[in-house]
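Novice: Just one file: final.txt, with compact mmCIF, C-alpha atoms.
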# COMPACT_ATOMS: atom_id res chain seq x y z
CA MET A 1 -14.89 12.73 -2.70
CA ARG A 2 -15.58 11.62 -6.25
CA GLN A 3 -13.83 8.45 -7.42
CA LEU A 4 -10.61 9.07 -9.33
CA ILE A 5 -10.58 8.00 -12.97
CA ARG A 6 -8.35 5.01 -13.69
CA PRO A 7 -5.33 6.80 -15.26
CA VAL A 8 -5.25 9.37 -12.45
CA ARG A 9 -5.63 6.67 -9.79
CA ARG A 10 -2.83 4.61 -11.29
CA GLY A 11 -0.52 7.60 -11.62
CA LEU A 12 -1.19 8.66 -8.05
CA LEU A 13 -0.66 5.08 -6.86
CA VAL A 14 2.75 5.03 -8.55
CA VAL A 15 3.66 8.35 -6.91
CA HIS A 16 2.48 7.07 -3.52
CA VAL A 17 4.41 3.80 -3.75
CA VAL A 18 7.61 5.48 -4.97
CA VAL A 19 7.46 8.17 -2.30
CA SER A 20 6.58 5.74 0.49
CA VAL A 21 9.31 3.28 -0.43
CA GLY A 22 11.66 6.26 -0.79
CA TRP A 23 10.76 7.28 2.77
CA LEU A 24 11.61 3.77 3.93
CA GLY A 25 14.95 3.88 2.08
CA LEU A 26 15.74 7.36 3.33
CA THR A 27 15.13 6.19 6.88
CA LEU A 28 17.47 3.25 6.31
CA GLY A 29 20.12 5.74 5.13
CA VAL A 30 19.58 7.93 8.21
CA LEU A 31 19.92 4.83 10.40
CA ALA A 32 23.17 3.86 8.68
CA LEU A 33 24.54 7.36 9.22
CA GLY A 34 23.43 7.31 12.87
CA ILE A 35 25.26 4.03 13.42
CA THR A 36 28.31 5.35 11.57
CA GLY A 37 28.38 8.52 13.67
CA ALA A 38 27.97 6.63 16.94
CA THR A 39 30.70 4.10 16.16
CA ALA A 40 33.12 6.40 14.34
CA GLY A 41 36.76 6.15 15.24
CA SER A 42 37.36 9.87 14.94
CA ALA A 43 35.54 13.15 15.49
CA GLU A 44 35.94 13.99 11.80
CA GLU A 45 34.26 10.76 10.70
CA ALA A 46 31.43 11.22 13.21
CA GLY A 47 31.00 14.83 12.13
CA ALA A 48 30.78 13.82 8.48
CA ALA A 49 28.11 11.23 9.29
CA TYR A 50 26.03 13.71 11.30
CA ARG A 51 26.42 16.42 8.65
CA SER A 52 25.20 13.98 6.01
CA MET A 53 22.32 12.94 8.24
CA ASN A 54 21.36 16.57 8.71
CA VAL A 55 21.36 17.23 4.96
CA LEU A 56 19.02 14.27 4.40
CA GLY A 57 16.79 15.48 7.21
CA ASP A 58 16.74 19.09 6.06
CA ARG A 59 16.14 18.38 2.38
CA LEU A 60 14.17 15.16 2.21
CA LEU A 61 12.59 13.74 5.37
CA ILE A 62 9.77 16.22 5.86
CA PRO A 63 8.82 16.67 2.16
CA ILE A 64 8.88 12.91 1.54
CA SER A 65 6.82 12.13 4.64
CA LEU A 66 4.25 14.81 3.81
CA LEU A 67 3.99 13.70 0.17
CA SER A 68 3.45 10.12 1.32
CA LEU A 69 0.73 11.25 3.72
CA VAL A 70 -1.06 13.51 1.21
CA SER A 71 -0.90 11.03 -1.68
CA GLY A 72 -2.22 8.29 0.62
CA ILE A 73 -5.13 10.44 1.78
CA VAL A 74 -6.07 11.40 -1.79
CA LEU A 75 -5.87 7.75 -2.86
CA ALA A 76 -7.98 6.62 0.08
CA LEU A 77 -10.64 9.26 -0.53
CA GLY A 78 -10.64 8.80 -4.31
CA THR A 79 -10.95 5.02 -4.37
CA PRO A 80 -13.38 2.45 -2.99
CA TRP A 81 -10.94 1.69 -0.16
CA GLY A 82 -11.93 4.88 1.65
CA LEU A 83 -10.12 6.42 4.59
CA ALA A 84 -12.14 4.75 7.35
CA ARG A 85 -13.83 1.81 5.61
CA HIS A 86 -11.06 -0.77 5.94
CA ARG A 87 -9.03 -1.30 9.09
CA TRP A 88 -5.70 -1.60 7.27
CA VAL A 89 -6.20 1.82 5.59
CA TYR A 90 -7.26 3.38 8.88
CA VAL A 91 -4.24 1.94 10.73
CA LYS A 92 -1.95 3.02 7.93
CA PHE A 93 -3.35 6.56 8.01
CA TRP A 94 -2.87 6.98 11.77
CA LEU A 95 0.61 5.42 11.83
CA THR A 96 1.66 7.66 8.95
CA MET A 97 0.31 10.70 10.80
CA ILE A 98 2.17 9.72 13.98
CA THR A 99 5.47 8.94 12.24
CA THR A 100 5.29 12.14 10.18
CA ALA A 101 4.82 14.16 13.37
CA ALA A 102 7.57 12.21 15.17
CA THR A 103 9.92 12.80 12.25
CA ALA A 104 9.13 16.50 12.11
CA PHE A 105 9.28 17.23 15.80
CA ALA A 106 11.44 14.61 17.51
CA LEU A 107 13.93 13.14 15.02
CA ARG A 108 14.58 16.43 13.24
CA ALA A 109 15.15 18.17 16.59
CA ARG A 110 17.67 15.50 17.60
CA MET A 111 19.42 15.78 14.21
CA ASP A 112 19.62 19.55 14.60
CA ALA A 113 21.09 19.15 18.10
CA ALA A 114 23.71 16.72 16.77
CA MET A 115 24.57 19.15 14.00
CA ALA A 116 24.92 21.99 16.50
CA ASP A 117 27.30 19.82 18.55
CA VAL A 118 29.37 19.05 15.43
CA VAL A 119 29.53 22.72 14.39
CA THR A 120 30.68 23.85 17.85
CA GLY A 121 33.22 21.03 18.10
CA ARG A 122 31.51 19.27 21.01
CA THR A 123 31.00 15.54 21.24
CA VAL A 124 27.55 14.63 20.02
CA GLY A 125 25.41 13.65 23.00
CA ALA A 126 22.78 10.91 23.15
CA THR A 127 23.83 9.20 19.94
CA THR A 128 21.51 6.30 20.72
CA ASP A 129 18.57 8.61 19.92
CA LEU A 130 19.89 8.85 16.37
CA ILE A 131 19.89 5.05 16.12
CA VAL A 132 16.73 4.13 18.02
CA ALA A 133 14.40 6.64 16.33
CA PRO A 134 15.25 5.61 12.75
CA SER A 135 15.14 1.94 13.80
CA VAL A 136 11.60 2.33 15.13
CA SER A 137 10.61 4.31 12.04
CA LEU A 138 12.06 1.65 9.77
CA GLY A 139 10.04 -1.01 11.58
CA VAL A 140 6.85 1.04 11.27
CA TYR A 141 7.40 1.73 7.55
CA THR A 142 8.08 -1.94 6.89
CA PHE A 143 4.85 -2.80 8.71
CA LEU A 144 2.96 -0.19 6.67
CA THR A 145 4.35 -1.65 3.46
CA ALA A 146 3.34 -5.15 4.54
CA ILE A 147 -0.25 -4.22 5.37
CA SER A 148 -0.51 -2.34 2.08
CA VAL A 149 0.30 -5.56 0.27
CA ILE A 150 -1.60 -8.02 2.51
CA LYS A 151 -4.63 -5.80 3.27
CA PRO A 152 -5.64 -7.59 6.49
CA TRP A 153 -8.46 -7.17 9.03
CA GLY A 154 -11.55 -6.41 6.96
CA LEU A 155 -14.01 -3.57 7.29
CA THR A 156 -14.36 -1.05 10.10
CA ALA A 157 -17.76 -0.53 11.74
CA ARG A 158 -18.25 2.44 9.42
CA GLY A 159 -17.36 0.32 6.40
CA ARG A 160 -19.86 -2.38 7.47
CA ARG A 161 -22.61 0.26 7.85
CA GLN A 162 -21.85 1.70 4.41
CA ARG A 163 -21.88 -1.74 2.82
CA ALA A 164 -25.21 -2.56 4.49
CA THR A 165 -26.68 0.74 3.25
CA LYS A 166 -25.60 0.03 -0.34
CA ARG A 167 -27.22 -3.42 -0.30
CA ARG A 168 -30.64 -1.99 0.56
Could you express the structure from this file as structure tokens?

Specialist:
Amino acid sequence: MRQLIRPVRRGLLVVHVVVSVGWLGLTLGVLALGITGATAGSAEEAGAAYRSMNVLGDRLLIPISLLSLVSGIVLALGTPWGLARHRWVYVKFWLTMITTAATAFALRARMDAAMADVVTGRTVGATTDLIVAPSVSLGVYTFLTAISVIKPWGLTARGRRQRATKRR
């Protein structure tokens, strides 16, 4: 892919950072609601927490995660960092892919099941799933943010080959 011009790159970087940090904050909110629902003193309070969690999941989790993934890919391909040249970018790409899929297929399914329990008046089962999953996600997103700032590990084998080819 052709290198992005500076104003486009900067604008896209702002979008990527805002969306990615928003995903981290949204996950923190989902975790808080999961804890609230699991420790609620009444069925009404638990139901309100799970309903709120479901709204966040339905309206924001998937679009935010996908926008983070797509903006990151475009940035990687449109800048000298590349998608597979530097280990930190490569790790970030794969962890984002995995967490996006886990959010879409595992966490969302558990949120939907909790919502179905609330709607039918049943006690929500396996509430620890609604605490553990966002906790793990929060840890992963914090790690992704850290490696984005620190940029550790150096070049991949592909990146070393490309650098050697350019020097010739």

Novice: I'd like the contact shell of Ala101 in chain A - 12 Å cut-off, only C-alpha atoms, skipping same-chain residues fewer than 5 positions apart - returned as a list in words.

Specialist: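 That gives Leu61, Ile62, Ser65, Leu66, Leu69, Trp94, Leu95, Thr96, Ala106, Leu107, Arg108, Ala109 and Ser137 of chain A.
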
Novice: Could you tell me which of A:Ser42, A:Gly154, A:Ala126, A:Thr103 comes closest to Val91 in chain A if we count only C-alpha atoms?

Specialist: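 Closest residue, counting only C-alpha atoms: A:Gly154.
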
Novice: Pick from A:Leu13, A:Leu28, A:Phe105, A:Ala84: nearest to Gly72 in chain A, with all atoms listed in the file counted?

Specialist: A:Leu13

Novice: Mind pulling up the distance from CA of Ala32 in chain A to CA of Val14 in chain A?

Specialist: 26.7 Å

Novice: Counting all atoms listed in the file, which residue out of A:Phe143, A:Trp88, A:Trp81, A:Phe93 sits closest to Arg163 in chain A?

Specialist: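 Counting all atoms listed in the file, the residue closest to Arg163 in chain A is A:Trp81.
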
Novice: List as a PyMOL selection string the residues having at least one atom at most 12 Å from position (21.1, 16.0, 18.5) as given in the file, counting all atoms listed in the file.

Specialist: chain A and resi 34+37-38+47+50-51+53-54+106-119+122-131+133

Novice: CA of Ala46 in chain A and CA of Gly121 in chain A are how many Å apart?

Specialist: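 Distance reported for this atom pair: 11.1 Å.
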
Novice: Have a look at A:Val89, A:Leu138, A:Ala40, A:Ala49 and name the one nearest to Pro152 in chain A; count only C-alpha atoms.

Specialist: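 The shortest atom-to-atom distance to Pro152 in chain A comes from A:Val89.
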
Novice: Which residue, A:Leu83, A:Ile98, A:Leu56, A:Ala48, has the smallest gap to Gly159 in chain A when you use all atoms listed in the file?

Specialist: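 Ranking A:Leu83, A:Ile98, A:Leu56, A:Ala48 by distance to Gly159 in chain A, first place goes to A:Leu83.
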
Novice: Please provide as a ChimeraX atom specification all residues within 9 Å of Val15 in chain A, with the sequence filter that same-chain residues fewer than 3 positions apart are discarded (counting all atoms listed in the file).

Specialist: /A:10-12,18-20,67-68,71

Novice: Between CA of Gly29 in chain A and CA of Val136 in chain A, what is the distance, to one decimal in Å?

Specialist: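 Computing it gives 13.6 Å between the two atoms.
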
Novice: Determine the nearest neighbour of Arg85 in chain A from the options A:Val30, A:Ile73, A:Leu155, A:Ile150, counting all atoms listed in the file.

Specialist: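 Between A:Val30, A:Ile73, A:Leu155, A:Ile150, the residue approaching Arg85 in chain A most closely is A:Leu155.
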